file work-v7.txt (compact mmCIF, C-alpha atoms)
# COMPACT_ATOMS: atom_id res chain seq x y z
CA MET W 1 -1.31 -33.55 -4.31
CA ILE W 2 -3.22 -30.69 -5.92
CA THR W 3 -1.33 -29.58 -9.01
CA ASP W 4 -3.91 -27.37 -10.74
CA SER W 5 -3.00 -23.82 -9.73
CA LYS W 6 -6.48 -22.43 -10.41
CA LEU W 7 -8.09 -25.12 -8.27
CA ALA W 8 -5.48 -24.55 -5.55
CA LYS W 9 -6.30 -20.84 -5.40
CA GLU W 10 -10.02 -21.59 -5.26
CA ILE W 11 -9.55 -23.99 -2.34
CA ILE W 12 -7.46 -21.42 -0.48
CA ALA W 13 -9.89 -18.55 -1.07
CA LYS W 14 -12.90 -20.68 -0.02
CA ARG W 15 -11.20 -21.76 3.18
CA VAL W 16 -10.02 -18.25 4.08
CA ALA W 17 -13.60 -16.98 3.62
CA LYS W 18 -14.70 -19.36 6.39
CA GLU W 19 -12.42 -17.54 8.85
CA LEU W 20 -14.33 -14.28 8.42
CA LYS W 21 -17.08 -13.30 10.83
CA ASP W 22 -20.15 -11.13 10.40
CA GLY W 23 -19.43 -7.44 10.92
CA GLN W 24 -15.67 -7.60 10.44
CA LEU W 25 -13.48 -5.06 8.65
CA VAL W 26 -11.15 -6.99 6.35
CA ASN W 27 -8.23 -6.05 4.12
CA LEU W 28 -7.44 -8.42 1.25
CA GLY W 29 -3.99 -8.20 -0.33
CA ILE W 30 -3.38 -8.04 -4.07
CA GLY W 31 -3.59 -11.29 -6.07
CA LEU W 32 -4.92 -14.52 -4.57
CA PRO W 33 -6.35 -12.87 -1.40
CA THR W 34 -8.77 -10.77 -3.49
CA LEU W 35 -10.52 -14.03 -4.53
CA VAL W 36 -11.69 -14.47 -0.92
CA ALA W 37 -14.42 -11.85 -1.48
CA ASN W 38 -16.09 -14.24 -4.00
CA TYR W 39 -16.77 -16.82 -1.27
CA VAL W 40 -18.22 -14.70 1.53
CA PRO W 41 -21.78 -15.91 2.23
CA LYS W 42 -24.42 -13.39 1.13
CA GLU W 43 -26.06 -13.22 4.56
CA MET W 44 -22.80 -12.13 6.18
CA GLN W 45 -21.78 -8.47 6.21
CA ILE W 46 -18.05 -8.15 5.70
CA THR W 47 -16.69 -4.66 5.05
CA PHE W 48 -13.61 -4.58 2.85
CA GLN W 49 -10.90 -1.97 3.19
CA SER W 50 -8.62 -0.91 0.37
CA GLU W 51 -5.65 0.88 1.90
CA ASN W 52 -5.54 3.58 -0.76
CA GLY W 53 -8.64 5.02 0.90
CA ILE W 54 -11.85 2.97 0.91
CA VAL W 55 -13.85 1.24 3.59
CA GLY W 56 -16.73 -0.57 1.90
CA MET W 57 -15.05 -1.55 -1.34
CA GLY W 58 -17.38 -3.36 -3.75
CA PRO W 59 -16.60 -5.63 -6.72
CA LYS W 60 -14.47 -4.58 -9.67
CA ALA W 61 -16.14 -2.07 -11.99
CA LYS W 62 -17.93 -3.55 -15.00
CA PRO W 63 -16.47 -2.71 -18.43
CA GLY W 64 -17.75 0.69 -19.50
CA GLN W 65 -18.61 1.69 -15.92
CA GLU W 66 -15.10 2.44 -14.69
CA ASP W 67 -14.59 5.64 -12.70
CA SER W 68 -11.01 6.85 -13.04
CA ASP W 69 -11.23 8.41 -9.55
CA LEU W 70 -12.10 5.09 -7.92
CA THR W 71 -9.39 2.43 -7.81
CA ASN W 72 -8.18 -0.20 -5.35
CA ALA W 73 -4.68 -0.57 -3.93
CA GLY W 74 -3.72 -2.57 -7.02
CA GLY W 75 -4.74 0.28 -9.30
CA GLU W 76 -7.82 -1.57 -10.63
CA TYR W 77 -11.15 0.17 -11.16
CA VAL W 78 -13.53 -0.87 -8.40
CA THR W 79 -16.90 0.09 -6.97
CA VAL W 80 -18.04 1.15 -3.53
CA VAL W 81 -20.97 -0.28 -1.56
CA PRO W 82 -23.81 2.08 -0.46
CA GLU W 83 -22.49 2.18 3.14
CA GLY W 84 -18.92 2.79 1.99
CA SER W 85 -16.64 5.76 2.65
CA PHE W 86 -13.51 7.41 1.24
CA PHE W 87 -10.59 8.97 3.10
CA ASP W 88 -6.92 9.87 2.75
CA SER W 89 -3.88 7.64 3.37
CA SER W 90 -3.26 8.94 6.89
CA MET W 91 -6.77 7.92 7.98
CA SER W 92 -6.46 4.64 6.12
CA PHE W 93 -3.30 3.63 7.96
CA ALA W 94 -4.60 4.96 11.26
CA LEU W 95 -7.39 2.39 10.80
CA ILE W 96 -4.78 -0.27 10.10
CA ARG W 97 -2.19 0.46 12.81
CA GLY W 98 -4.82 1.52 15.30
CA GLY W 99 -6.27 -1.97 15.50
CA HIS W 100 -9.53 -1.16 13.71
CA VAL W 101 -8.97 -3.75 10.97
CA ASP W 102 -10.05 -7.21 12.14
CA VAL W 103 -8.39 -9.40 9.54
CA THR W 104 -5.73 -8.96 6.88
CA VAL W 105 -5.14 -11.64 4.26
CA LEU W 106 -1.83 -11.57 2.42
CA GLY W 107 0.41 -13.72 0.27
CA ALA W 108 3.92 -14.72 1.29
CA LEU W 109 7.29 -15.56 -0.18
CA GLU W 110 8.26 -17.25 3.10
CA VAL W 111 6.68 -17.79 6.49
CA ASP W 112 8.29 -19.57 9.43
CA GLU W 113 7.80 -21.40 12.74
CA GLU W 114 7.74 -18.16 14.74
CA GLY W 115 5.08 -16.58 12.55
CA ASN W 116 7.63 -14.39 10.82
CA LEU W 117 6.65 -13.26 7.33
CA ALA W 118 8.73 -12.29 4.29
CA ASN W 119 6.87 -10.93 1.28
CA TRP W 120 8.35 -7.64 0.08
CA ILE W 121 11.85 -8.13 -1.24
CA ILE W 122 14.22 -10.64 -2.83
CA PRO W 123 17.47 -8.66 -2.53
CA GLY W 124 19.13 -8.01 -5.88
CA LYS W 125 16.28 -9.61 -7.81
CA MET W 126 12.77 -8.47 -7.09
CA VAL W 127 12.14 -5.37 -5.04
CA PRO W 128 8.50 -4.36 -5.34
CA GLY W 129 8.56 -2.63 -1.96
CA MET W 130 6.40 -3.26 1.06
CA GLY W 131 3.57 -0.91 0.13
CA GLY W 132 1.07 -1.23 2.96
CA ALA W 133 2.00 -4.79 3.95
CA MET W 134 4.24 -3.97 6.93
CA ASP W 135 1.59 -1.76 8.53
CA LEU W 136 -1.20 -4.28 7.83
CA VAL W 137 0.70 -7.17 9.38
CA ILE W 138 1.61 -5.14 12.48
CA GLY W 139 -1.81 -3.55 12.89
CA ALA W 140 -4.53 -6.04 11.95
CA LYS W 141 -5.92 -8.14 14.79
CA VAL W 142 -5.65 -11.38 12.79
CA VAL W 143 -3.07 -12.02 10.07
CA ILE W 144 -3.88 -14.81 7.62
CA ILE W 145 -1.35 -15.93 5.04
CA ALA W 146 -3.11 -17.26 1.94
CA MET W 147 -0.69 -18.88 -0.46
CA GLN W 148 0.08 -21.97 -2.48
CA HIS W 149 1.97 -24.40 -0.29
CA THR W 150 5.17 -24.34 -2.34
CA GLY W 151 6.76 -21.92 -4.79
CA LYS W 152 8.30 -23.50 -7.91
CA GLY W 153 8.28 -26.80 -6.02
CA LYS W 154 10.23 -25.41 -3.08
CA PRO W 155 8.88 -25.15 0.48
CA LYS W 156 7.71 -21.70 1.55
CA ILE W 157 6.85 -22.70 5.12
CA LEU W 158 10.30 -22.75 6.68
CA LYS W 159 12.05 -23.26 10.01
CA LYS W 160 13.35 -19.72 9.68
CA CYS W 161 12.75 -17.14 6.95
CA THR W 162 15.83 -16.45 4.81
CA LEU W 163 14.52 -13.27 3.13
CA PRO W 164 14.24 -9.87 4.88
CA LEU W 165 11.15 -9.87 7.07
CA THR W 166 7.95 -7.93 6.58
CA ALA W 167 7.20 -8.33 10.29
CA LYS W 168 8.28 -10.47 13.21
CA SER W 169 5.92 -12.98 14.85
CA GLN W 170 2.69 -11.50 13.54
CA VAL W 171 1.18 -14.35 11.49
CA ASN W 172 -1.73 -16.20 13.10
CA LEU W 173 -2.89 -18.61 10.42
CA ILE W 174 -1.44 -20.11 7.22
CA ILE W 175 -3.93 -21.42 4.67
CA THR W 176 -2.72 -23.33 1.62
CA GLU W 177 -4.41 -25.69 -0.84
CA LEU W 178 -3.15 -28.59 1.29
CA CYS W 179 -3.79 -27.52 4.84
CA VAL W 180 -4.55 -25.02 7.58
CA ILE W 181 -1.72 -24.27 9.99
CA GLU W 182 -2.05 -22.29 13.19
CA VAL W 183 0.93 -20.37 14.53
CA THR W 184 1.20 -20.91 18.29
CA THR W 185 3.83 -20.15 20.92
CA LYS W 186 4.80 -23.85 20.75
CA GLY W 187 5.22 -23.76 16.96
CA LEU W 188 3.16 -24.56 13.88
CA VAL W 189 0.13 -26.75 14.51
CA LEU W 190 -1.42 -28.62 11.59
CA LYS W 191 -5.14 -28.12 12.16
CA GLU W 192 -6.75 -29.31 8.94
CA ILE W 193 -5.70 -31.11 5.78
CA HIS W 194 -7.36 -31.26 2.36
CA LYS W 195 -9.18 -34.53 1.59
CA ASP W 196 -6.90 -35.21 -1.40
CA THR W 197 -3.64 -35.11 0.55
CA THR W 198 -1.97 -36.84 3.49
CA ILE W 199 -0.01 -35.71 6.54
CA ASP W 200 3.12 -37.33 5.08
CA GLU W 201 2.71 -35.46 1.81
CA ILE W 202 2.35 -32.17 3.68
CA LYS W 203 5.45 -32.90 5.79
CA PHE W 204 7.36 -33.63 2.57
CA VAL W 205 6.65 -30.15 1.14
CA THR W 206 7.05 -28.28 4.45
CA GLU W 207 10.49 -27.46 5.83
CA ALA W 208 9.18 -26.25 9.18
CA HIS W 209 8.44 -28.70 11.97
CA LEU W 210 4.71 -29.35 12.20
CA ILE W 211 2.96 -30.27 15.43
CA ILE W 212 0.36 -32.93 14.56
CA PRO W 213 -2.56 -33.03 16.99
CA ASP W 214 -4.80 -36.08 17.39
CA ASP W 215 -7.95 -34.26 16.32
CA ILE W 216 -6.80 -33.17 12.87
CA LYS W 217 -9.72 -32.25 10.61
CA ILE W 218 -10.49 -32.34 6.90
CA MET W 219 -10.62 -28.85 5.34
CA ASP W 220 -14.20 -27.73 4.80
CA VAL W 221 -14.10 -26.43 1.23
CA MET G 1 -3.72 37.70 -5.30
CA ASN G 2 -4.18 35.63 -8.40
CA LYS G 3 -2.96 32.07 -7.94
CA ILE G 4 -4.17 30.78 -11.28
CA VAL G 5 -1.24 30.57 -13.65
CA LYS G 6 -0.34 29.05 -17.00
CA LEU G 7 1.85 25.96 -17.13
CA GLU G 8 4.52 28.13 -18.80
CA ASP G 9 4.68 30.39 -15.71
CA LEU G 10 5.62 27.49 -13.46
CA LYS G 11 8.83 26.60 -15.27
CA SER G 12 11.00 29.10 -13.38
CA ILE G 13 10.13 27.43 -10.08
CA PHE G 14 11.89 24.18 -10.93
CA LYS G 15 15.64 23.60 -10.69
CA ASP G 16 18.08 20.68 -10.85
CA GLY G 17 18.57 18.87 -7.56
CA MET G 18 15.21 19.81 -6.06
CA THR G 19 13.14 17.65 -3.75
CA ILE G 20 9.63 17.29 -5.16
CA MET G 21 6.68 15.59 -3.50
CA ILE G 22 3.99 14.24 -5.79
CA GLY G 23 0.46 13.14 -4.88
CA GLY G 24 -1.34 10.10 -6.22
CA PHE G 25 -1.59 6.35 -5.87
CA LEU G 26 -0.67 4.32 -8.96
CA ASP G 27 -1.57 7.34 -11.09
CA CYS G 28 -4.98 7.86 -9.44
CA GLY G 29 -4.96 11.46 -8.22
CA THR G 30 -1.60 12.23 -9.80
CA PRO G 31 -0.90 15.69 -11.29
CA ASP G 32 -0.01 14.38 -14.75
CA THR G 33 -0.04 17.75 -16.52
CA ILE G 34 2.71 19.13 -14.28
CA ILE G 35 4.69 15.89 -14.53
CA ASP G 36 4.58 16.09 -18.35
CA MET G 37 5.91 19.65 -18.08
CA LEU G 38 8.79 18.46 -15.87
CA VAL G 39 9.64 15.81 -18.46
CA ASP G 40 9.76 18.55 -21.15
CA LEU G 41 11.80 20.79 -18.85
CA ASN G 42 14.22 17.89 -18.33
CA ILE G 43 15.55 19.11 -14.98
CA LYS G 44 17.85 16.53 -13.39
CA ASP G 45 19.01 15.01 -10.10
CA LEU G 46 15.58 15.22 -8.52
CA THR G 47 14.59 13.61 -5.26
CA ILE G 48 11.01 12.41 -5.63
CA ILE G 49 8.83 11.62 -2.63
CA ALA G 50 5.61 9.79 -3.51
CA ASN G 51 3.69 6.65 -2.66
CA ASP G 52 4.94 4.83 -5.75
CA THR G 53 6.68 5.44 -9.06
CA GLY G 54 3.62 4.84 -11.24
CA PHE G 55 4.12 3.03 -14.51
CA PRO G 56 6.92 3.45 -17.10
CA ASP G 57 4.62 5.38 -19.44
CA LYS G 58 2.31 7.00 -16.89
CA GLY G 59 2.64 9.49 -14.08
CA ILE G 60 5.76 9.70 -11.93
CA GLY G 61 7.27 6.79 -13.87
CA LYS G 62 7.96 9.10 -16.81
CA LEU G 63 10.46 11.09 -14.72
CA VAL G 64 12.26 7.86 -13.79
CA VAL G 65 12.37 6.57 -17.37
CA ASN G 66 13.63 9.97 -18.56
CA GLY G 67 16.61 9.73 -16.18
CA GLN G 68 15.69 12.83 -14.16
CA VAL G 69 15.60 11.21 -10.75
CA LYS G 70 18.55 10.82 -8.38
CA LYS G 71 16.59 9.43 -5.46
CA VAL G 72 13.11 8.10 -4.82
CA ILE G 73 11.43 7.78 -1.44
CA ALA G 74 8.34 5.58 -1.89
CA SER G 75 6.48 2.60 -0.46
CA HIS G 76 6.11 0.61 -3.64
CA ILE G 77 8.01 0.50 -6.93
CA GLY G 78 6.75 -2.84 -8.30
CA THR G 79 4.57 -1.39 -11.07
CA ASN G 80 7.53 0.36 -12.67
CA PRO G 81 10.26 -2.15 -13.56
CA GLU G 82 12.49 0.73 -14.66
CA THR G 83 12.74 1.96 -11.06
CA GLY G 84 13.92 -1.47 -9.90
CA ARG G 85 16.38 -1.77 -12.77
CA ARG G 86 17.92 1.64 -12.06
CA MET G 87 18.09 0.86 -8.35
CA ASN G 88 19.87 -2.46 -8.91
CA SER G 89 22.33 -0.90 -11.38
CA GLY G 90 23.11 1.92 -8.95
CA GLU G 91 21.89 4.68 -11.30
CA MET G 92 19.26 5.72 -8.81
CA GLU G 93 18.86 5.51 -5.05
CA VAL G 94 15.59 4.14 -3.65
CA GLU G 95 14.50 4.48 -0.04
CA LEU G 96 11.49 2.28 0.69
CA SER G 97 9.26 3.37 3.51
CA PRO G 98 6.10 1.50 4.58
CA GLN G 99 3.01 3.24 3.20
CA GLY G 100 1.58 4.09 6.61
CA THR G 101 4.96 5.35 7.79
CA LEU G 102 5.57 7.36 4.62
CA ILE G 103 2.30 9.27 4.90
CA GLU G 104 2.91 9.99 8.60
CA ARG G 105 6.45 11.26 7.88
CA ILE G 106 4.94 13.67 5.35
CA ARG G 107 2.16 14.61 7.75
CA ALA G 108 4.72 15.21 10.51
CA ALA G 109 6.68 17.65 8.34
CA GLY G 110 3.57 19.60 7.44
CA SER G 111 2.25 19.54 10.99
CA GLY G 112 5.32 20.76 12.85
CA LEU G 113 6.07 17.42 14.50
CA GLY G 114 9.59 16.15 15.12
CA GLY G 115 8.84 12.63 13.97
CA VAL G 116 6.55 9.67 14.32
CA LEU G 117 6.77 6.64 16.62
CA THR G 118 5.48 3.53 14.88
CA PRO G 119 5.64 -0.21 15.56
CA THR G 120 5.78 -0.84 11.79
CA GLY G 121 9.16 -2.23 10.76
CA LEU G 122 10.18 -3.58 14.19
CA GLY G 123 12.24 -6.74 13.85
CA THR G 124 13.00 -6.02 10.18
CA ILE G 125 15.85 -4.38 8.25
CA LEU G 126 13.94 -1.10 8.57
CA GLU G 127 15.34 -0.84 12.09
CA ASN G 128 18.82 -0.17 10.65
CA GLY G 129 20.05 3.29 11.56
CA LYS G 130 16.86 4.25 13.39
CA ARG G 131 16.27 5.00 17.05
CA LYS G 132 14.12 2.53 18.91
CA ILE G 133 12.10 4.15 21.67
CA SER G 134 10.18 2.33 24.38
CA ILE G 135 6.92 3.90 25.57
CA ASN G 136 4.95 2.11 28.31
CA ASN G 137 7.05 -1.01 27.69
CA LYS G 138 6.25 -1.11 24.01
CA ASP G 139 8.92 -0.54 21.35
CA TYR G 140 8.53 1.90 18.48
CA LEU G 141 10.76 3.12 15.67
CA LEU G 142 11.37 6.83 15.38
CA GLU G 143 10.62 7.86 11.80
CA LEU G 144 11.68 11.34 10.76
CA PRO G 145 9.65 13.99 8.90
CA LEU G 146 9.87 14.37 5.13
CA LYS G 147 9.54 17.78 3.53
CA ALA G 148 10.08 19.07 0.01
CA ASP G 149 10.95 22.19 -1.96
CA VAL G 150 7.85 21.84 -4.10
CA SER G 151 4.68 19.78 -3.75
CA LEU G 152 2.60 18.79 -6.76
CA VAL G 153 -0.99 18.11 -5.76
CA LYS G 154 -3.97 16.96 -7.81
CA GLY G 155 -7.41 18.23 -6.84
CA SER G 156 -10.76 17.16 -8.27
CA ILE G 157 -12.58 20.45 -7.71
CA VAL G 158 -10.48 23.49 -6.92
CA ASP G 159 -11.70 27.05 -6.46
CA GLU G 160 -9.83 30.21 -7.41
CA PHE G 161 -8.39 30.53 -3.89
CA GLY G 162 -7.05 26.95 -3.92
CA ASN G 163 -9.69 25.37 -1.68
CA THR G 164 -9.75 21.76 -2.80
CA CYS G 165 -12.07 18.78 -2.84
CA TYR G 166 -10.63 15.39 -3.75
CA LYS G 167 -13.06 12.84 -5.17
CA ALA G 168 -13.14 9.16 -4.15
CA THR G 169 -9.69 7.56 -3.96
CA THR G 170 -7.83 10.54 -5.44
CA LYS G 171 -7.35 11.79 -1.87
CA ASN G 172 -4.58 9.36 -0.92
CA PHE G 173 -1.37 11.36 -0.20
CA ASN G 174 -2.59 14.65 -1.70
CA PRO G 175 -3.98 16.52 1.36
CA TYR G 176 -0.75 15.98 3.36
CA ILE G 177 1.59 16.63 0.47
CA ALA G 178 -0.16 19.99 0.19
CA MET G 179 1.22 20.85 3.66
CA ALA G 180 4.80 19.61 3.45
CA ALA G 181 6.57 21.91 0.98
CA LYS G 182 7.62 25.54 0.66
CA THR G 183 5.80 25.87 -2.64
CA VAL G 184 2.53 24.08 -3.33
CA ILE G 185 1.18 23.74 -6.85
CA MET G 186 -2.36 22.48 -7.30
CA GLU G 187 -3.40 20.87 -10.57
CA ALA G 188 -7.16 21.25 -10.89
CA GLU G 189 -9.32 18.76 -12.74
CA ASP G 190 -12.18 21.24 -12.38
CA LEU G 191 -11.45 24.88 -11.67
CA VAL G 192 -14.42 26.80 -10.25
CA LYS G 193 -15.34 30.12 -8.63
CA CYS G 194 -15.23 30.19 -4.81
CA GLU G 195 -18.98 30.07 -4.32
CA GLN G 196 -19.28 27.04 -6.60
CA LEU G 197 -17.38 24.71 -4.27
CA ASN G 198 -19.37 23.38 -1.33
CA ILE G 199 -17.46 24.57 1.73
CA GLU G 200 -18.23 21.28 3.50
CA ASP G 201 -16.34 19.34 0.80
CA ILE G 202 -13.06 21.22 1.23
CA MET G 203 -10.19 19.04 2.48
CA THR G 204 -7.32 21.38 1.68
CA PRO G 205 -7.76 25.01 2.72
CA GLY G 206 -6.76 27.33 -0.11
CA VAL G 207 -4.25 29.25 2.02
CA LEU G 208 -1.88 26.30 1.63
CA VAL G 209 -1.85 26.59 -2.16
CA ASN G 210 0.55 28.95 -3.95
CA TYR G 211 -0.26 28.25 -7.58
CA ILE G 212 -3.15 26.67 -9.43
CA ILE G 213 -3.09 25.30 -12.96
CA LYS G 214 -5.87 23.69 -14.92
CA GLU G 215 -5.29 20.08 -15.92
CA ALA G 216 -4.58 19.65 -19.64
CA VAL G 217 -7.26 17.54 -21.26

call {"tool": "encode", "arguments": {"input": "work-v7.txt", "output": "structure tokens"}}
result
Amino acid sequence: MITDSKLAKEIIAKRVAKELKDGQLVNLGIGLPTLVANYVPKEMQITFQSENGIVGMGPKAKPGQEDSDLTNAGGEYVTVVPEGSFFDSSMSFALIRGGHVDVTVLGALEVDEEGNLANWIIPGKMVPGMGGAMDLVIGAKVVIIAMQHTGKGKPKILKKCTLPLTAKSQVNLIITELCVIEVTTKGLVLKEIHKDTTIDEIKFVTEAHLIIPDDIKIMDV
Amino acid sequence: MNKIVKLEDLKSIFKDGMTIMIGGFLDCGTPDTIIDMLVDLNIKDLTIIANDTGFPDKGIGKLVVNGQVKKVIASHIGTNPETGRRMNSGEMEVELSPQGTLIERIRAAGSGLGGVLTPTGLGTILENGKRKISINNKDYLLELPLKADVSLVKGSIVDEFGNTCYKATTKNFNPYIAMAAKTVIMEAEDLVKCEQLNIEDIMTPGVLVNYIIKEAV
């Protein structure tokens, strides 16, 4: 079991980075997914989109070098790479829905056996809104959920989502600090597990049924 | 015609119960000077259409905190806890629309389109009350246009005619909001003479703009 939250996030971000391929356009959600950018190999060219209107987003702006006209979708001051570009929200979401974004990486409140995702509302409690998440999950070619395996000790990978959905059957891959799960038409397939955990431990913290193949691998992080 | 006015001159435009569209994304590219005037004016029962409701002490959030808003149509309200609190208590109505859908609904209104067909929201509670239309065996939701009485737009460089350039990520919703209302007010960060703005940088043609005010520093 990996209990250190910081370490867990690092494992997840490192493993997600390995899914990215040279030349791809990638959108990283707010929070944990933004860490993925730290682990992209230097020799690989990944172009990051920020849905408020950037393709070619660079790292966060250094203190004293912030430009108030240049923020990311989380409202933080960022930079742009030399090959970057700016555009309005209509163009930005045309890129997203139009299938021009290769990969989107998002967090989840719940994800289930059919690849359904819930991450925008807990009715009556927390209603941040969906922002760009619904469009990203529908439009991106590959949808990766990057999240800690459980939330407050409770499973987040469920047989069926209980919260209102962000999108139906759009998730391709779930990456947690414990394992990598692929969403297939047959169900959730456990592809890789972290070296410090076991299949039994993963089953214990996962409500969904997991298909366990013979050739299960150790996560390369 | 002279479009450049003083903030004071704008007050007569605004009335209780109006629908106002406001540009910006988490207070980047938001017309804060006009918003501050609306807070002073204290008009009530507004319907606000914008990407988000800013922060409690910044941007659109000030109108929410000041109790001036009856309804919000936005994609994200998470950065302003006051919006969520008022929604849950029933003081204020909130309609959440996905960001990509929201901008297209605004674009549709300003472009003379009857609506937008989008796959976003299929299989979710967003289907409720909407028409589902199948085109070439693929389902889409029909999302209807959104227009306003007044649009508040923030431009980075604006010339005397209203031609506008938006720097970096201040573009966001602004260019489409400038097309979707009867009255369009442009708040200029930099106000210049026509020949000083590079014609190639213009995203909003000045004919769309009714009034221009200079941002308060």

call {"tool": "residues_around", "arguments": {"input": "work-v7.txt", "residues": "Leu96 of chain G", "least_positions_apart": "6", "cutoff": "6 Å", "atoms": "only C-alpha atoms", "output": "JSON, numbers by chain"}}
result
{"G": [73, 74, 75]}

call {"tool": "closest_residue", "arguments": {"input": "work-v7.txt", "among": "W:Ser85, W:Pro213, W:Leu7, W:Leu109", "to": "Gly53 of chain W", "atoms": "all atoms listed in the file"}}
result
W:Ser85

call {"tool": "closest_residue", "arguments": {"input": "work-v7.txt", "among": "W:Lys42, W:Gly139, W:Glu192, W:Gln148", "to": "Asp220 of chain W", "atoms": "all atoms listed in the file"}}
result
W:Glu192

call {"tool": "interface_residues", "arguments": {"input": "work-v7.txt", "of": "chain G", "to": "chain W", "cutoff": "10 Å", "atoms": "only C-alpha atoms", "output": "PyMOL selection string"}}
result
chain G and resi 24-29+51-52+54+74-81+83-85+87-89+94-104+106-107+118-126+156+166-176+203

call {"tool": "residues_around", "arguments": {"input": "work-v7.txt", "residues": "Tyr211 of chain G", "least_positions_apart": "6", "cutoff": "10 Å", "atoms": "all atoms listed in the file", "output": "mmCIF file with C-alpha atoms, in the coordinates of the input"}}
result
data_model
loop_
_atom_site.group_PDB
_atom_site.id
_atom_site.type_symbol
_atom_site.label_atom_id
_atom_site.label_comp_id
_atom_site.auth_asym_id
_atom_site.auth_seq_id
_atom_site.Cartn_x
_atom_site.Cartn_y
_atom_site.Cartn_z
ATOM 1 C CA ASN G 2 -4.180 35.630 -8.400
ATOM 2 C CA LYS G 3 -2.960 32.070 -7.940
ATOM 3 C CA ILE G 4 -4.170 30.780 -11.280
ATOM 4 C CA VAL G 5 -1.240 30.570 -13.650
ATOM 5 C CA LYS G 6 -0.340 29.050 -17.000
ATOM 6 C CA ASP G 9 4.680 30.390 -15.710
ATOM 7 C CA LEU G 10 5.620 27.490 -13.460
ATOM 8 C CA LEU G 152 2.600 18.790 -6.760
ATOM 9 C CA GLU G 160 -9.830 30.210 -7.410
ATOM 10 C CA PHE G 161 -8.390 30.530 -3.890
ATOM 11 C CA GLY G 162 -7.050 26.950 -3.920
ATOM 12 C CA THR G 183 5.800 25.870 -2.640
ATOM 13 C CA VAL G 184 2.530 24.080 -3.330
ATOM 14 C CA ILE G 185 1.180 23.740 -6.850
ATOM 15 C CA MET G 186 -2.360 22.480 -7.300
ATOM 16 C CA GLU G 187 -3.400 20.870 -10.570
#

call {"tool": "closest_residue", "arguments": {"input": "work-v7.txt", "among": "G:Lys147, G:Leu7, G:Asp36, G:Gly129", "to": "Asp57 of chain G", "atoms": "all atoms listed in the file"}}
result
G:Asp36

call {"tool": "atom_distance", "arguments": {"input": "work-v7.txt", "atom1": "atom CA of Asp190 of chain G", "atom2": "atom CA of Pro31 of chain G"}}
result
12.6 Å

call {"tool": "atom_distance", "arguments": {"input": "work-v7.txt", "atom1": "atom CA of Leu95 of chain W", "atom2": "atom CA of Arg105 of chain G"}}
result
16.7 Å

call {"tool": "closest_residue", "arguments": {"input": "work-v7.txt", "among": "G:Ile13, G:Leu113, G:Leu191, G:Ile212", "to": "Leu144 of chain G", "atoms": "all atoms listed in the file"}}
result
G:Leu113

call {"tool": "closest_residue", "arguments": {"input": "work-v7.txt", "among": "W:Ile2, W:Met147, W:Val111, W:Ile30", "to": "Thr176 of chain W", "atoms": "only C-alpha atoms"}}
result
W:Met147

call {"tool": "atom_distance", "arguments": {"input": "work-v7.txt", "atom1": "atom CA of Leu46 of chain G", "atom2": "atom CA of Ile20 of chain G"}}
result
7.1 Å

call {"tool": "residues_around", "arguments": {"input": "work-v7.txt", "residues": "Ala8 of chain W", "least_positions_apart": "6", "cutoff": "12 Å", "atoms": "only C-alpha atoms", "output": "list in words"}}
result
Met1, Ile2, Lys14, Arg15, Leu32, Leu35, Ala146, Met147, Gln148, His149, Thr150, Ile175, Thr176, Glu177, Leu178, Cys179, His194, Asp196 and Val221 of chain W

call {"tool": "build_atoms", "arguments": {"input": "work-v7.txt", "residues": "segment 176-184 of chain G", "atoms": "N, CA and C atoms", "output": "PDB file, in the frame of the given file"}}
result
ATOM      1  N   TYR G 176      -1.924  15.793   2.486  1.00  0.00           N
ATOM      2  CA  TYR G 176      -0.750  15.980   3.360  1.00  0.00           C
ATOM      3  C   TYR G 176       0.438  16.492   2.593  1.00  0.00           C
ATOM      4  N   ILE G 177       0.535  16.102   1.326  1.00  0.00           N
ATOM      5  CA  ILE G 177       1.590  16.630   0.470  1.00  0.00           C
ATOM      6  C   ILE G 177       1.406  18.137   0.300  1.00  0.00           C
ATOM      7  N   ALA G 178       0.145  18.561   0.330  1.00  0.00           N
ATOM      8  CA  ALA G 178      -0.160  19.990   0.190  1.00  0.00           C
ATOM      9  C   ALA G 178       0.303  20.802   1.406  1.00  0.00           C
ATOM     10  N   MET G 179       0.796  20.133   2.440  1.00  0.00           N
ATOM     11  CA  MET G 179       1.220  20.850   3.660  1.00  0.00           C
ATOM     12  C   MET G 179       2.722  20.758   3.890  1.00  0.00           C
ATOM     13  N   ALA G 180       3.435  19.969   3.077  1.00  0.00           N
ATOM     14  CA  ALA G 180       4.800  19.610   3.450  1.00  0.00           C
ATOM     15  C   ALA G 180       5.889  20.226   2.570  1.00  0.00           C
ATOM     16  N   ALA G 181       5.551  21.290   1.827  1.00  0.00           N
ATOM     17  CA  ALA G 181       6.570  21.910   0.980  1.00  0.00           C
ATOM     18  C   ALA G 181       6.485  23.426   1.047  1.00  0.00           C
ATOM     19  N   LYS G 182       7.586  24.073   0.680  1.00  0.00           N
ATOM     20  CA  LYS G 182       7.620  25.540   0.660  1.00  0.00           C
ATOM     21  C   LYS G 182       6.666  26.076  -0.397  1.00  0.00           C
ATOM     22  N   THR G 183       6.670  25.423  -1.548  1.00  0.00           N
ATOM     23  CA  THR G 183       5.800  25.870  -2.640  1.00  0.00           C
ATOM     24  C   THR G 183       4.828  24.750  -3.009  1.00  0.00           C
ATOM     25  N   VAL G 184       3.557  25.082  -3.041  1.00  0.00           N
ATOM     26  CA  VAL G 184       2.530  24.080  -3.330  1.00  0.00           C
ATOM     27  C   VAL G 184       1.797  24.444  -4.618  1.00  0.00           C
TER      28      VAL G 184
END
